[in-house]
file upload_33.cif (mmCIF, C-alpha atoms (C1' of nucleotides))
data_target
#
loop_
_atom_site.label_atom_id
_atom_site.label_comp_id
_atom_site.auth_asym_id
_atom_site.auth_seq_id
_atom_site.Cartn_x
_atom_site.Cartn_y
_atom_site.Cartn_z
CA MET A 1184 109.84 27.64 -54.67
CA THR A 1185 108.77 28.85 -51.30
CA GLU A 1186 106.93 25.74 -50.22
CA ALA A 1187 106.79 22.65 -52.36
CA THR A 1188 104.09 20.70 -50.54
CA ARG A 1189 101.43 23.14 -49.48
CA ARG A 1190 97.94 22.61 -50.71
CA PRO A 1191 95.29 25.26 -50.24
CA PRO A 1192 92.44 24.66 -47.83
CA GLY A 1193 88.95 23.90 -48.94
CA ARG A 1194 87.27 20.95 -50.48
CA ARG A 1195 88.89 19.20 -53.43
CA PRO A 1196 87.08 18.91 -56.75
CA GLY A 1197 85.84 15.58 -57.90
CA PRO A 1198 84.57 12.60 -55.92
CA THR A 1199 86.24 12.09 -52.59
CA GLU A 1200 88.25 9.00 -51.79
CA THR A 1201 90.35 10.48 -49.00
CA ARG A 1202 88.61 8.66 -46.24
CA GLU A 1203 89.64 5.32 -47.69
CA ALA A 1204 93.20 6.55 -48.18
CA ILE A 1205 93.42 7.41 -44.51
CA LEU A 1206 92.09 4.02 -43.50
CA GLY A 1207 94.68 2.41 -45.75
CA SER A 1208 97.58 4.25 -44.19
CA ALA A 1209 96.14 3.63 -40.75
CA ARG A 1210 95.98 -0.10 -41.33
CA GLU A 1211 99.56 -0.17 -42.55
CA LEU A 1212 100.94 1.89 -39.69
CA PHE A 1213 98.95 0.13 -36.99
CA ALA A 1214 100.13 -3.14 -38.49
CA ASP A 1215 103.77 -2.47 -38.02
CA LYS A 1216 103.94 -0.13 -35.07
CA GLY A 1217 100.89 -1.10 -33.06
CA TYR A 1218 98.28 1.26 -31.66
CA ASP A 1219 100.51 3.41 -29.50
CA GLY A 1220 103.42 3.41 -31.91
CA ALA A 1221 101.45 4.67 -34.87
CA SER A 1222 100.81 8.38 -34.52
CA LEU A 1223 97.86 10.22 -35.95
CA ARG A 1224 100.25 12.60 -37.59
CA ALA A 1225 102.21 9.82 -39.24
CA ILE A 1226 98.99 8.36 -40.55
CA ALA A 1227 97.95 11.72 -41.93
CA ARG A 1228 101.37 12.24 -43.49
CA ALA A 1229 101.25 8.83 -45.15
CA ALA A 1230 97.85 9.66 -46.58
CA GLY A 1231 99.05 13.07 -47.77
CA VAL A 1232 96.56 14.89 -45.62
CA ASP A 1233 96.36 17.26 -42.68
CA PRO A 1234 96.13 15.61 -39.22
CA ALA A 1235 92.98 17.56 -38.46
CA LEU A 1236 91.21 15.84 -41.32
CA VAL A 1237 91.71 12.52 -39.64
CA HIS A 1238 89.92 13.91 -36.63
CA HIS A 1239 87.21 15.30 -38.80
CA PHE A 1240 86.44 11.86 -40.19
CA PHE A 1241 86.93 9.64 -37.18
CA GLY A 1242 86.57 11.80 -34.08
CA ASN A 1243 89.67 10.60 -32.30
CA LYS A 1244 92.51 8.10 -32.48
CA GLU A 1245 90.48 5.24 -31.13
CA GLY A 1246 87.89 5.96 -33.78
CA VAL A 1247 90.53 5.56 -36.46
CA PHE A 1248 91.67 2.30 -34.96
CA ILE A 1249 88.20 0.86 -34.71
CA ALA A 1250 87.36 1.89 -38.24
CA ALA A 1251 90.63 0.43 -39.53
CA MET A 1252 90.02 -2.84 -37.71
CA ARG A 1253 86.62 -3.55 -39.15
CA PHE A 1254 87.06 -6.91 -40.84
CA PRO A 1255 90.31 -8.04 -39.20
CA VAL A 1256 89.53 -11.15 -41.17
CA ASP A 1257 86.01 -12.14 -41.76
CA PRO A 1258 85.53 -15.30 -39.75
CA ALA A 1259 82.24 -16.00 -41.42
CA GLU A 1260 84.19 -16.56 -44.59
CA LEU A 1261 87.19 -18.37 -43.14
CA LEU A 1262 85.76 -20.77 -40.64
CA PRO A 1263 83.55 -22.63 -43.10
CA ARG A 1264 86.57 -22.96 -45.32
CA ILE A 1265 88.44 -24.69 -42.54
CA LEU A 1266 85.61 -26.80 -41.26
CA ALA A 1267 84.47 -27.90 -44.69
CA ALA A 1268 87.33 -30.38 -44.81
CA PRO A 1269 86.77 -34.02 -43.89
CA HIS A 1270 87.21 -34.65 -40.19
CA ASP A 1271 90.51 -36.38 -40.59
CA THR A 1272 92.15 -33.53 -42.50
CA LEU A 1273 90.90 -30.68 -40.34
CA GLY A 1274 94.44 -30.02 -39.14
CA GLU A 1275 95.91 -29.62 -42.59
CA SER A 1276 93.00 -27.47 -43.63
CA MET A 1277 93.56 -25.10 -40.74
CA VAL A 1278 97.29 -24.76 -41.35
CA ARG A 1279 96.72 -24.01 -45.01
CA VAL A 1280 94.10 -21.36 -44.37
CA PHE A 1281 96.34 -19.65 -41.83
CA LEU A 1282 99.29 -19.66 -44.18
CA THR A 1283 97.26 -18.35 -47.08
CA VAL A 1284 95.93 -15.46 -45.06
CA TRP A 1285 99.28 -14.55 -43.51
CA GLU A 1286 101.10 -14.70 -46.77
CA ASP A 1287 99.10 -11.87 -48.29
CA PRO A 1288 100.24 -8.55 -46.79
CA GLU A 1289 96.82 -7.04 -47.38
CA ARG A 1290 95.15 -9.63 -45.23
CA ARG A 1291 97.96 -10.03 -42.76
CA ALA A 1292 97.95 -6.33 -41.91
CA PRO A 1293 94.79 -6.10 -39.81
CA ILE A 1294 95.68 -9.23 -37.86
CA LEU A 1295 99.18 -8.03 -37.17
CA ALA A 1296 97.84 -4.61 -36.20
CA MET A 1297 95.44 -6.20 -33.76
CA LEU A 1298 98.10 -8.49 -32.31
CA ARG A 1299 100.81 -5.87 -32.01
CA SER A 1300 98.42 -3.39 -30.44
CA ALA A 1301 97.00 -5.92 -28.02
CA MET A 1302 100.46 -6.67 -26.68
CA THR A 1303 100.96 -3.21 -25.21
CA ASN A 1304 97.58 -1.55 -25.08
CA GLU A 1305 94.93 -2.57 -22.62
CA ARG A 1306 91.94 -1.48 -24.70
CA ALA A 1307 93.27 -3.09 -27.82
CA ALA A 1308 93.80 -6.28 -25.84
CA ALA A 1309 90.19 -6.13 -24.73
CA MET A 1310 89.01 -5.67 -28.32
CA MET A 1311 91.06 -8.60 -29.50
CA ARG A 1312 89.98 -10.85 -26.64
CA GLU A 1313 86.39 -10.03 -27.42
CA PHE A 1314 86.78 -10.67 -31.12
CA VAL A 1315 88.77 -13.84 -30.82
CA THR A 1316 86.51 -15.26 -28.15
CA SER A 1317 83.12 -14.68 -29.64
CA ALA A 1318 83.86 -14.61 -33.34
CA LEU A 1319 86.44 -17.37 -33.54
CA PHE A 1320 86.75 -19.73 -30.62
CA ALA A 1321 83.11 -20.03 -29.72
CA ARG A 1322 82.00 -20.62 -33.28
CA ALA A 1323 84.76 -23.04 -34.11
CA ALA A 1324 84.17 -25.05 -30.97
CA GLY A 1325 80.39 -24.94 -31.35
CA LEU A 1326 80.30 -26.08 -34.92
CA ASN A 1327 82.17 -29.30 -34.38
CA ASP A 1328 81.72 -30.01 -30.70
CA ILE A 1329 85.35 -29.58 -29.83
CA PRO A 1330 86.31 -28.52 -26.28
CA LEU A 1331 86.99 -24.80 -26.26
CA ILE A 1332 90.39 -25.18 -24.66
CA ARG A 1333 91.57 -27.45 -27.43
CA VAL A 1334 90.59 -24.91 -30.06
CA GLN A 1335 92.65 -22.40 -28.11
CA ALA A 1336 95.63 -24.69 -27.94
CA ALA A 1337 95.46 -25.09 -31.70
CA ALA A 1338 95.18 -21.34 -32.18
CA GLY A 1339 98.09 -20.89 -29.80
CA GLN A 1340 100.24 -23.14 -31.91
CA MET A 1341 99.52 -21.09 -35.00
CA ILE A 1342 99.90 -17.71 -33.29
CA GLY A 1343 103.25 -18.69 -31.87
CA VAL A 1344 104.55 -19.98 -35.16
CA MET A 1345 103.31 -16.89 -37.00
CA ILE A 1346 105.13 -14.63 -34.55
CA LEU A 1347 108.35 -16.57 -34.93
CA ARG A 1348 107.96 -16.61 -38.70
CA TYR A 1349 106.64 -13.15 -39.54
CA VAL A 1350 107.60 -10.92 -36.63
CA LEU A 1351 110.84 -12.34 -35.31
CA GLU A 1352 111.72 -13.94 -38.63
CA VAL A 1353 113.67 -16.76 -37.11
CA GLU A 1354 115.36 -19.21 -39.45
CA PRO A 1355 114.65 -21.80 -40.71
CA LEU A 1356 111.03 -21.24 -39.77
CA ALA A 1357 110.78 -17.99 -41.71
CA SER A 1358 111.86 -19.59 -44.98
CA ALA A 1359 110.09 -22.90 -44.68
CA THR A 1360 107.67 -23.76 -47.47
CA HIS A 1361 103.98 -24.21 -46.93
CA ASP A 1362 104.31 -27.93 -47.45
CA GLU A 1363 107.03 -28.27 -44.86
CA LEU A 1364 104.93 -26.37 -42.36
CA VAL A 1365 101.86 -28.41 -43.13
CA ALA A 1366 103.79 -31.64 -42.70
CA MET A 1367 105.03 -30.51 -39.32
CA LEU A 1368 102.02 -28.69 -37.88
CA ALA A 1369 99.00 -30.45 -39.29
CA PRO A 1370 99.31 -33.53 -37.07
CA THR A 1371 99.40 -31.30 -34.00
CA LEU A 1372 96.24 -29.44 -34.95
CA GLN A 1373 94.60 -32.63 -35.98
CA GLY A 1374 95.36 -33.95 -32.51
CA TYR A 1375 93.61 -31.01 -30.89
CA LEU A 1376 90.61 -30.88 -33.18
CA GLY A 1377 90.03 -34.48 -34.12
CA MET B 331 103.36 22.56 2.80
CA THR B 332 104.80 24.12 -0.27
CA GLU B 333 106.07 20.90 -1.86
CA ALA B 334 105.66 17.56 -0.18
CA THR B 335 107.99 15.50 -2.34
CA ARG B 336 111.08 17.48 -2.99
CA ARG B 337 114.39 16.05 -2.00
CA PRO B 338 117.51 18.16 -1.97
CA PRO B 339 120.17 17.57 -4.57
CA GLY B 340 123.46 15.90 -3.79
CA ARG B 341 124.49 12.42 -2.92
CA ARG B 342 122.57 10.52 -0.27
CA PRO B 343 124.33 9.29 2.84
CA GLY B 344 124.87 5.58 3.33
CA PRO B 345 125.49 2.85 0.79
CA THR B 346 123.71 3.34 -2.51
CA GLU B 347 121.12 0.94 -3.82
CA THR B 348 119.41 3.31 -6.21
CA ARG B 349 120.79 1.75 -9.35
CA GLU B 350 119.11 -1.53 -8.53
CA ALA B 351 115.87 0.25 -7.70
CA ILE B 352 115.86 1.84 -11.14
CA LEU B 353 116.50 -1.49 -12.82
CA GLY B 354 113.64 -2.97 -10.86
CA SER B 355 111.16 -0.32 -11.96
CA ALA B 356 112.50 -0.53 -15.49
CA ARG B 357 111.92 -4.26 -15.64
CA GLU B 358 108.38 -3.86 -14.38
CA LEU B 359 107.48 -1.06 -16.76
CA PHE B 360 109.11 -2.61 -19.80
CA ALA B 361 107.29 -5.82 -18.93
CA ASP B 362 103.86 -4.37 -19.18
CA LYS B 363 104.21 -1.50 -21.60
CA GLY B 364 107.04 -2.63 -23.84
CA TYR B 365 110.08 -0.61 -24.82
CA ASP B 366 108.36 2.33 -26.46
CA GLY B 367 105.49 2.43 -24.03
CA ALA B 368 107.62 2.65 -20.92
CA SER B 369 108.97 6.18 -20.58
CA LEU B 370 112.20 7.09 -18.87
CA ARG B 371 110.29 9.51 -16.74
CA ALA B 372 107.80 6.90 -15.61
CA ILE B 373 110.66 4.60 -14.70
CA ALA B 374 112.32 7.37 -12.73
CA ARG B 375 109.05 8.23 -11.03
CA ALA B 376 108.47 4.62 -10.04
CA ALA B 377 111.96 4.47 -8.58
CA GLY B 378 111.42 7.76 -6.72
CA VAL B 379 114.24 9.45 -8.54
CA ASP B 380 114.94 12.28 -10.97
CA PRO B 381 114.88 11.32 -14.67
CA ALA B 382 118.36 12.70 -15.12
CA LEU B 383 119.71 10.15 -12.71
CA VAL B 384 118.59 7.38 -14.99
CA HIS B 385 120.64 8.98 -17.72
CA HIS B 386 123.56 9.35 -15.37
CA PHE B 387 123.62 5.62 -14.72
CA PHE B 388 122.76 4.18 -18.09
CA GLY B 389 123.58 6.77 -20.71
CA ASN B 390 120.32 6.57 -22.61
CA LYS B 391 117.06 4.70 -22.85
CA GLU B 392 118.51 1.80 -24.76
CA GLY B 393 121.15 1.49 -22.06
CA VAL B 394 118.45 1.08 -19.45
CA PHE B 395 116.71 -1.55 -21.52
CA ILE B 396 119.85 -3.55 -22.14
CA ALA B 397 120.82 -3.40 -18.49
CA ALA B 398 117.32 -4.43 -17.44
CA MET B 399 117.26 -7.33 -19.88
CA ARG B 400 120.45 -8.98 -18.70
CA PHE B 401 119.33 -12.47 -17.71
CA PRO B 402 115.94 -12.57 -19.44
CA VAL B 403 116.04 -16.11 -18.09
CA ASP B 404 119.27 -17.87 -17.81
CA PRO B 405 119.13 -20.63 -20.42
CA ALA B 406 122.20 -22.26 -18.98
CA GLU B 407 120.13 -23.05 -15.93
CA LEU B 408 116.85 -23.88 -17.65
CA LEU B 409 117.80 -25.99 -20.62
CA PRO B 410 119.55 -28.70 -18.62
CA ARG B 411 116.49 -28.88 -16.42
CA ILE B 412 114.36 -29.60 -19.46
CA LEU B 413 116.74 -31.92 -21.18
CA ALA B 414 117.59 -33.88 -18.07
CA ALA B 415 114.29 -35.70 -18.38
CA PRO B 416 114.14 -39.14 -20.01
CA HIS B 417 113.63 -38.92 -23.74
CA ASP B 418 110.04 -40.02 -23.60
CA THR B 419 108.98 -37.34 -21.13
CA LEU B 420 110.81 -34.42 -22.72
CA GLY B 421 107.49 -32.86 -23.70
CA GLU B 422 106.06 -32.86 -20.22
CA SER B 423 109.32 -31.59 -18.83
CA MET B 424 109.28 -28.61 -21.19
CA VAL B 425 105.71 -27.68 -20.45
CA ARG B 426 106.33 -27.79 -16.72
CA VAL B 427 109.45 -25.65 -16.89
CA PHE B 428 107.63 -23.06 -19.01
CA LEU B 429 104.69 -22.94 -16.63
CA THR B 430 106.89 -22.66 -13.56
CA VAL B 431 108.80 -19.76 -15.00
CA TRP B 432 105.74 -17.91 -16.30
CA GLU B 433 103.85 -18.33 -13.08
CA ASP B 434 106.35 -16.30 -11.07
CA PRO B 435 105.92 -12.60 -11.90
CA GLU B 436 109.57 -11.95 -11.08
CA ARG B 437 110.75 -14.34 -13.73
CA ARG B 438 107.96 -13.68 -16.17
CA ALA B 439 108.73 -9.97 -16.26
CA PRO B 440 111.91 -9.99 -18.35
CA ILE B 441 110.45 -12.41 -20.86
CA LEU B 442 107.26 -10.44 -21.23
CA ALA B 443 109.28 -7.24 -21.54
CA MET B 444 111.36 -8.75 -24.30
CA LEU B 445 108.34 -10.14 -26.11
CA ARG B 446 106.20 -7.02 -25.82
CA SER B 447 109.05 -4.81 -26.93
CA ALA B 448 109.99 -7.05 -29.82
CA MET B 449 106.47 -6.81 -31.22
CA THR B 450 106.69 -3.11 -31.96
CA ASN B 451 110.35 -2.14 -31.84
CA GLU B 452 112.81 -3.16 -34.51
CA ARG B 453 115.89 -3.11 -32.31
CA ALA B 454 114.21 -5.02 -29.54
CA ALA B 455 113.11 -7.58 -32.11
CA ALA B 456 116.70 -7.95 -33.24
CA MET B 457 117.87 -8.45 -29.67
CA MET B 458 115.25 -11.08 -29.05
CA ARG B 459 115.92 -12.89 -32.30
CA GLU B 460 119.59 -12.98 -31.45
CA PHE B 461 119.00 -14.22 -27.94
CA VAL B 462 116.43 -16.82 -28.83
CA THR B 463 118.42 -18.11 -31.76
CA SER B 464 121.83 -18.53 -30.26
CA ALA B 465 121.04 -19.01 -26.60
CA LEU B 466 117.98 -21.20 -26.90
CA PHE B 467 117.25 -22.83 -30.21
CA ALA B 468 120.79 -23.65 -31.23
CA ARG B 469 121.67 -25.15 -27.89
CA ALA B 470 118.49 -27.09 -27.48
CA ALA B 471 118.73 -28.51 -30.96
CA GLY B 472 122.44 -29.23 -30.65
CA LEU B 473 122.24 -31.04 -27.37
CA ASN B 474 119.78 -33.67 -28.48
CA ASP B 475 120.12 -33.73 -32.24
CA ILE B 476 116.66 -32.43 -32.91
CA PRO B 477 116.03 -30.53 -36.17
CA LEU B 478 116.08 -26.81 -35.47
CA ILE B 479 112.71 -26.19 -37.03
CA ARG B 480 111.04 -28.69 -34.72
CA VAL B 481 112.47 -26.95 -31.69
CA GLN B 482 110.98 -23.75 -33.06
CA ALA B 483 107.60 -25.33 -33.63
CA ALA B 484 107.62 -26.49 -30.01
CA ALA B 485 108.64 -23.04 -28.80
CA GLY B 486 105.92 -21.55 -31.00
CA GLN B 487 103.31 -23.71 -29.33
CA MET B 488 104.39 -22.49 -25.92
CA ILE B 489 104.72 -18.85 -26.91
CA GLY B 490 101.26 -18.82 -28.45
CA VAL B 491 99.66 -20.46 -25.45
CA MET B 492 101.47 -18.09 -23.08
CA ILE B 493 100.17 -15.10 -24.98
CA LEU B 494 96.63 -16.39 -24.92
CA ARG B 495 96.92 -17.25 -21.25
CA TYR B 496 98.86 -14.33 -19.76
CA VAL B 497 98.45 -11.44 -22.16
CA LEU B 498 95.00 -11.90 -23.68
CA GLU B 499 93.75 -13.92 -20.72
CA VAL B 500 91.31 -15.94 -22.73
CA GLU B 501 89.12 -18.41 -20.90
CA PRO B 502 89.27 -21.28 -20.18
CA LEU B 503 92.97 -21.27 -21.05
CA ALA B 504 93.82 -18.59 -18.52
CA SER B 505 92.37 -20.54 -15.62
CA ALA B 506 93.45 -24.03 -16.59
CA THR B 507 95.59 -25.88 -14.05
CA HIS B 508 99.13 -26.93 -14.76
CA ASP B 509 98.09 -30.54 -14.96
CA GLU B 510 95.39 -29.83 -17.51
CA LEU B 511 97.87 -27.92 -19.63
CA VAL B 512 100.44 -30.64 -19.34
CA ALA B 513 97.95 -33.28 -20.35
CA MET B 514 97.01 -31.27 -23.41
CA LEU B 515 100.34 -29.84 -24.54
CA ALA B 516 102.94 -32.42 -23.54
CA PRO B 517 102.08 -34.87 -26.32
CA THR B 518 102.48 -32.10 -28.88
CA LEU B 519 105.92 -31.12 -27.66
CA GLN B 520 106.88 -34.76 -27.30
CA GLY B 521 105.98 -35.16 -30.94
CA TYR B 522 108.28 -32.36 -32.01
CA LEU B 523 111.19 -33.27 -29.79
CA GLY B 524 111.04 -37.03 -29.56
"C1'" DG C 1471 71.29 30.40 -58.19
"C1'" DG C 1472 71.43 30.49 -53.34
"C1'" DA C 1473 71.68 27.97 -48.96
"C1'" DT C 1474 73.47 24.29 -46.45
"C1'" DA C 1475 76.65 20.87 -45.65
"C1'" DA C 1476 80.84 18.48 -46.42
"C1'" DA C 1477 85.93 18.41 -47.20
"C1'" DT C 1478 90.06 20.42 -46.30
"C1'" DT C 1479 93.83 23.29 -44.28
"C1'" DC C 1480 96.10 26.31 -40.67
"C1'" DA C 1481 97.41 27.79 -36.23
"C1'" DA C 1482 97.53 26.87 -31.75
"C1'" DC C 1483 96.83 24.43 -27.22
"C1'" DA C 1484 98.60 21.68 -23.33
"C1'" DC C 1485 101.27 18.17 -22.39
"C1'" DA C 1486 104.86 14.26 -22.62
"C1'" DT C 1487 109.05 12.72 -24.32
"C1'" DG C 1488 114.47 11.87 -24.39
"C1'" DA C 1489 118.38 14.43 -23.66
"C1'" DT C 1490 121.97 17.89 -21.70
"C1'" DG C 1491 124.66 20.86 -18.71
"C1'" DA C 1492 125.42 22.86 -14.54
"C1'" DG C 1493 125.12 22.81 -9.71
"C1'" DT C 1494 125.16 20.40 -4.92
"C1'" DT C 1495 126.24 16.90 -1.62
"C1'" DC C 1496 128.42 12.90 -0.22
"C1'" DT C 1497 132.22 8.81 -0.41
"C1'" DG C 1498 136.81 6.86 -0.88
"C1'" DG C 1499 141.62 6.94 -1.44
"C1'" DT C 1500 145.64 8.98 -0.08
"C1'" DA D 117 142.55 16.70 5.76
"C1'" DC D 118 142.21 16.91 1.15
"C1'" DC D 119 140.40 16.11 -3.46
"C1'" DA D 120 138.74 13.43 -7.45
"C1'" DG D 121 134.87 11.41 -8.63
"C1'" DA D 122 130.37 9.42 -7.85
"C1'" DA D 123 125.42 10.26 -6.65
"C1'" DC D 124 121.79 13.26 -7.12
"C1'" DT D 125 118.51 17.26 -8.51
"C1'" DC D 126 117.10 21.33 -11.27
"C1'" DA D 127 116.04 23.91 -15.14
"C1'" DT D 128 115.84 23.77 -19.85
"C1'" DC D 129 115.79 22.44 -24.91
"C1'" DA D 130 113.93 20.62 -29.09
"C1'" DT D 131 110.66 17.58 -30.68
"C1'" DG D 132 106.41 14.92 -30.96
"C1'" DT D 133 101.87 13.93 -29.29
"C1'" DG D 134 96.35 14.14 -29.52
"C1'" DT D 135 92.99 17.53 -29.90
"C1'" DT D 136 90.35 21.90 -30.92
"C1'" DG D 137 88.36 25.98 -33.41
"C1'" DA D 138 88.18 28.82 -37.06
"C1'" DA D 139 88.70 29.75 -41.94
"C1'" DT D 140 88.21 28.44 -46.89
"C1'" DT D 141 86.80 25.91 -50.81
"C1'" DT D 142 83.86 22.75 -53.17
"C1'" DA D 143 79.64 19.72 -53.74
"C1'" DT D 144 74.76 18.95 -53.20
"C1'" DC D 145 69.89 19.97 -52.77
"C1'" DC D 146 65.84 22.96 -53.41
#
call {"tool": "encode", "arguments": {"input": "upload_33.cif", "output": "structure tokens"}}
result
Amino acid sequence: MTEATRRPPGRRPGPTETREAILGSARELFADKGYDGASLRAIARAAGVDPALVHHFFGNKEGVFIAAMRFPVDPAELLPRILAAPHDTLGESMVRVFLTVWEDPERRAPILAMLRSAMTNERAAAMMREFVTSALFARAAGLNDIPLIRVQAAAGQMIGVMILRYVLEVEPLASATHDELVAMLAPTLQGYLG
Amino acid sequence: MTEATRRPPGRRPGPTETREAILGSARELFADKGYDGASLRAIARAAGVDPALVHHFFGNKEGVFIAAMRFPVDPAELLPRILAAPHDTLGESMVRVFLTVWEDPERRAPILAMLRSAMTNERAAAMMREFVTSALFARAAGLNDIPLIRVQAAAGQMIGVMILRYVLEVEPLASATHDELVAMLAPTLQGYLG
DNA sequence: GGATAAATTCAACACATGATGAGTTCTGGT
DNA sequence: ACCAGAACTCATCATGTGTTGAATTTATCC
């Protein structure tokens, strides 16, 4: 029992799914440590792989991040789901979609990763600004002729509440049911969007 | 010109203000890199001082952070200023106080530091949760008999907007005037608090 | 089956980090 | 005038970081 975990070099037999495994670990680690906090080596370790392999696949750390952030949440799928609601229940619709997405760790991860990274890393902030601006705000405002700044106020309300609920985990917000949150927040969003 | 910047060891003559200088640099660096992103050595460098001196004064990195975060914003001074307003303009009052504080870099720094750090560091998150819960939410709710969760929804609105405005710098939110923001946000907060 | 390419590891690099211990110079109290 | 302690720097340690180049094994294509 010289070394328990020491695999030989060289390609593994069978079809290769390692790349996806790395992306999975990357998403998880970026999600709860942010860009700078998640180390390449930790990502490699979590994927059961040598750090150099990560480089081989993605070139450098930024490459890993960008690859992991593809589809932070597909707005083309989500926005219609929000805007499909009748005009007078747009607010409730938006709250429910947000809650549904954030409740599922799989779908929450990329958003959290983006948000956490953007808070302390200039380039990540630029990526998020870009994404949020062109893929979310502009479309949402364009589709229903709502002033851009009001869409942003609505998004701000949800971002703030999500941080208090999922990052800071402040009570009673963290334990509130979906219905309670809808009752409280929907009128606000409706006010901005209606 | 062997070494331009090389001060001799030993105590400096005259009264000593170095401790405050270190805290100043620490506050600045924590504010825009967060706890993990701001290195002791960078703080020392910014204060024009040897890294070991920082240890001498504060024991370890967490000591520096805690010392730098004393008075993130004195709630005992701020809350009365918000709550002094007549009941039907509480919302406007809160928006204005938030904007005033965030506009001044000196006062924004500790809050940003706290927030940025809390996003990626577990201990910083605990500190912030503690602070926000007992020093802000509980008092604000207690003083005027408002349900705790509504205070948090109001705070969430402001936190989200502040992030979009000062961290992500999304337009047009980032360039909006105080009056525009008040007009848009005050009714929301009034709804939660009234 | 033989050549080329892909997947994978290892060893090492240059550098940054937080921390420690010892040494030097000044201040303050007696 | 002395001396304990505070202020201050230096050199150093152990660890972690992103990145690189070479070596080895397997898969794929002609």
call {"tool": "resolve_selection", "arguments": {"input": "upload_33.cif", "expression": "the PyMOL selection byres ((chain D and resi 138) around 12)", "output": "tab-separated table (two decimals) with C-alpha atoms (C1' of nucleotides), keeping the file's coordinate frame"}}
result
chain	number	residue	atom	x	y	z
C	1479	DT	C1'	93.83	23.29	-44.28
C	1480	DC	C1'	96.10	26.31	-40.67
C	1481	DA	C1'	97.41	27.79	-36.23
C	1482	DA	C1'	97.53	26.87	-31.75
D	136	DT	C1'	90.35	21.90	-30.92
D	137	DG	C1'	88.36	25.98	-33.41
D	139	DA	C1'	88.70	29.75	-41.94
D	140	DT	C1'	88.21	28.44	-46.89
call {"tool": "residues_near_point", "arguments": {"input": "upload_33.cif", "point": "(107.2, -34.5, -28.4)", "cutoff": "12 Å", "atoms": "all atoms listed in the file", "output": "PyMOL selection string"}}
result
(chain A and resi 1367+1370-1371) or (chain B and resi 416-425+476+480-481+483-485+487+512+514-524)
call {"tool": "atom_distance", "arguments": {"input": "upload_33.cif", "atom1": "CA of Asn1304 in chain A", "atom2": "CA of Arg426 in chain B"}}
result
28.9 Å
call {"tool": "resolve_selection", "arguments": {"input": "upload_33.cif", "expression": "the PyMOL selection byres ((chain A and resi 1201-1211) around 6)", "output": "ChimeraX atom specification"}}
result
/A:1199-1200,1212-1214,1226,1229-1230,1251
call {"tool": "interface_residues", "arguments": {"input": "upload_33.cif", "of": "chain B", "to": "chain C", "cutoff": "12 Å", "atoms": "only C-alpha atoms (C1' of nucleotides)", "output": "NGL selection string"}}
result
:B and (337-346 or 366-372 or 381-386 or 389-392)
call {"tool": "closest_atom_pairs", "arguments": {"input": "upload_33.cif", "of": "chain D", "to": "chain A", "cutoff": "10 Å", "atoms": "all atoms listed in the file", "output": "CSV"}}
result
residue,atom,partner,partner_atom,distance
D:DG132,C1',A:Ser1222,CA,9.3
D:DT133,C1',A:Ser1222,CA,7.7
D:DG134,C1',A:Leu1223,CA,7.7
D:DT135,C1',A:Asn1243,CA,8.1
D:DT136,C1',A:Ala1235,CA,9.1
D:DA139,C1',A:Pro1192,CA,8.6
D:DT140,C1',A:Gly1193,CA,5.0
D:DT141,C1',A:Gly1193,CA,3.5
D:DT142,C1',A:Arg1194,CA,4.7
D:DA143,C1',A:Pro1196,CA,8.1
call {"tool": "resolve_selection", "arguments": {"input": "upload_33.cif", "expression": "the PyMOL selection byres ((chain B and resi 408) around 10)", "output": "list in words"}}
result
Val403, Asp404, Pro405, Ala406, Glu407, Leu409, Pro410, Arg411, Ile412, Leu413, Met424, Val427, Phe428, Val431 and Leu466 of chain B
call {"tool": "write_last_selection", "arguments": {"input": "upload_33.cif", "atoms": "C-alpha atoms", "output": "PDB file, in the coordinates of the input"}}
result
ATOM      1  CA  VAL B 403     116.040 -16.110 -18.090  1.00  0.00           C
ATOM      2  CA  ASP B 404     119.270 -17.870 -17.810  1.00  0.00           C
ATOM      3  CA  PRO B 405     119.130 -20.630 -20.420  1.00  0.00           C
ATOM      4  CA  ALA B 406     122.200 -22.260 -18.980  1.00  0.00           C
ATOM      5  CA  GLU B 407     120.130 -23.050 -15.930  1.00  0.00           C
ATOM      6  CA  LEU B 409     117.800 -25.990 -20.620  1.00  0.00           C
ATOM      7  CA  PRO B 410     119.550 -28.700 -18.620  1.00  0.00           C
ATOM      8  CA  ARG B 411     116.490 -28.880 -16.420  1.00  0.00           C
ATOM      9  CA  ILE B 412     114.360 -29.600 -19.460  1.00  0.00           C
ATOM     10  CA  LEU B 413     116.740 -31.920 -21.180  1.00  0.00           C
ATOM     11  CA  MET B 424     109.280 -28.610 -21.190  1.00  0.00           C
ATOM     12  CA  VAL B 427     109.450 -25.650 -16.890  1.00  0.00           C
ATOM     13  CA  PHE B 428     107.630 -23.060 -19.010  1.00  0.00           C
ATOM     14  CA  VAL B 431     108.800 -19.760 -15.000  1.00  0.00           C
ATOM     15  CA  LEU B 466     117.980 -21.200 -26.900  1.00  0.00           C
TER      16      LEU B 466
END
call {"tool": "closest_atom_pairs", "arguments": {"input": "upload_33.cif", "of": "chain A", "to": "chain B", "cutoff": "6 Å", "atoms": "all atoms listed in the file", "output": "tab-separated table"}}
result
residue	atom	partner	partner_atom	distance
A:Lys1216	CA	B:Thr450	CA	5.1
A:Arg1299	CA	B:Met449	CA	5.8
A:Met1302	CA	B:Arg446	CA	5.8
A:Thr1303	CA	B:Lys363	CA	5.1
A:Arg1312	CA	B:Leu498	CA	5.9
A:Ile1332	CA	B:Leu503	CA	5.9
A:Gly1339	CA	B:Gly490	CA	4.0
A:Gln1340	CA	B:Gln487	CA	4.1
A:Ile1342	CA	B:Gly490	CA	5.1
A:Gly1343	CA	B:Gly490	CA	4.0
A:Val1344	CA	B:Gly486	CA	4.7
A:Leu1351	CA	B:Arg459	CA	5.9
A:Leu1356	CA	B:Ile479	CA	5.9
